[in-house]
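Student: Pasting a structure here, questions to come.
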Amino acid sequence: MALFSTSTQQRRKWGEWLTGYAFLAPSFIILAVFTYFPVAYALGLSLFKWRIMRGEPTFNGLTNYELLLTSEDFWQAIGNTIYFAVGSIPTNMAIALGIAMLLNREIQGRAIYRTAYFLPTVTSMVAVSVVWMWIYHPDVGLMNYLLNFFQIPAIRWLNDPRWAMPALILLGIWKGVGYNIIIYLAGLQNIPQHLYEAAQIDGANRWQVFRNVTWPLLTPTTFLILIMAVINSFQAFTEFHVMTQGGPLGSTTVIVYYLYQQAFQQFNMGYGSALAIVLFLIILGLTLIQNKLLGARVHYQ
Amino acid sequence: MIKKLELSLIHVFLILGAVVMVMPFAWMISTSLKSQNEVFSYPPQWIPNTLIWDNYVRAWQAAPFPRYFANSILIALAVTVGTLITSSLAAFAFARIRFPGRDALFALYLSSMMIPHQMTIIPSFLVLRNLGDISPALGLDTYFALIAPFIASAFGVFLLRQSFLTLPNELEDAATLDGCGKLGFLWRIVIPLSRPALATLALFTFMANWNSYLWPLIVTNSNTMRTVQIGLRYFVGQEGNSQWSLLMAAAVFVTLPIVIVYLFVQKQFVQGIAGTGIKQ
């Protein structure tokens, strides 16, 4: 009797195990084929020289990494990416915080404002890139008309190596600010009202309230936005591919665009993979910094 | 009095900002309705003298946009449905079934969220190229290539697991007593009770895939496989720097579906981002 019951129990347990694995199988297979295996594959490929249209891969050790780290193009791409990040993120965050604070109160027409501010966030990057190409048109574009209005001479935006990146930064801020407003609004709504009341009783002025209540309590939100924004700018591609194709004179070749050029225009799969690994390490580093900085401060609900 | 003045100032600020946000869209619509002459008139004119609705017809016919739309809808829907199914199953396994290696596997799933898509595109491209040698339907430039890599989402598993964990254990005991198996319990009880989480996942999966760019750019080659986004990009190349009214008309109809969806589900969209920090 006892033996019988253990074996039923055993069978039931195995049945449950089997169900568990069966439920995991569909997602696991997809992740294995298109995420886990590719990571290993990319690591392996990065050790080979392989121009896909011309013959077989040949092993060449760490040469790709050596080529990469001594390549001017690579460092230019890194520089461009940092320029893009530094140019867009602080401005974007400052505007987002300002607007979120204005929106975080009972105010008429709040719903309409929200819709307007979030609209660029939801539209496709390709469509807005096309629109902004038109806005940046050197002869009849809206932007130069605006400059003209303020007596500033016309700029050849996307055709000028000095101005192409600022043009893309401006587009990036316009497109991305709504997303950060949403996160800042959520952060602001989590600040307990009684802290503001206490500050008021203490006779704090507005700047003091901001400096001593709002800003410190928003620190986790600010870090979250900052790191996500840095990671996003290291992954930017679409607007660069639509608007400038990395030019003029490589002034807008950001890191993912460089990867695309190497792997899918020149078909250097080995070199491209080494580039992908370096990109991964950069993003991983940023994520670890984020976790370290945030770990002690953030309290998840 | 000061309060009132302050409020007006806030409105002035907010309106100015809103105008800046909406202006490019207004300019897009304005240009899309202009004649070729008016497009290049300077100073720019906001309201066209005559509205040329025909621009939309011409843009729609100048490239295979019906096909692009059909492709995008099919792909985004297939990926969304697939993701919901695979993520529900996996989330249920992680939340409600005991089996050896569960925690390690969950950690493995979570770790895949750290891997940027750009890192896997070269190997995934090569995997599909090799699969294409086995069967052309599984190779590059197919629906399979556009759909398969995305029908599993570690983020989706994570999100749904959180939601499934909140359901009380008594529910499952009752269902088991009624002779409900695991799959029946998931389908009949867990899924209907987890609608908000599923809706968030569906919304963001659909949006992300509708707007997706780099991957379809790499794996599509023929006009019949291109999505709306890639189609629009090629349309820009085709119409070059001259047919701005047609380009803007195309931009309008590429933008419109997602804007309409957004206006209907604005609340879920905002709550989804605020609650989960979903990446764009």
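Residues are referred to by chain and number: the chain letter is A, B, ... according to the order shown in the structure tokens, the number counts from 1 in that chain, and ligands are numbered separately from 1 in the order shown.
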Check every residue of chain A for an atom within 7 Å of chain B, counting only C-alpha atoms, and provide those that qualify as number ranges by chain.
Tutor: A: 16-17, 20, 23-24, 26-27, 30-31, 34-35, 38-39, 41-42, 102, 113, 116-117, 123-124, 126-127, 131, 140, 174, 182-183, 186, 238, 242, 273, 276-277, 280, 284
Student: Could you write out, as a PyMOL selection string, all the residues of region 60-288 of chain A that DSSP marks as helix (DSSP H, G or I)?
Tutor: chain A and resi 63-69+72-103+110-122+125-135+142-149+157-159+164-189+193-201+206-234+238-243+255-265+269-288
Student: For Leu281 (chain A), which residue among A:Met101, A:Gln76, A:Leu43, A:Pro90 is the nearest when counting only C-alpha atoms?
Tutor: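 Closest candidate: A:Leu43.
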Student: What's the 6 Å shell around Leu33 (chain B), counting only C-alpha atoms, without same-chain residues fewer than 5 positions away, as JSON, numbers by chain?
Tutor: {"B": [51, 52, 53]}
Student: So what do you get for CA of Asn209 (chain B) versus CA of Ser72 (chain B), distance-wise?
Tutor: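 CA of Asn209 (chain B) sits 8.1 Å away from CA of Ser72 (chain B).
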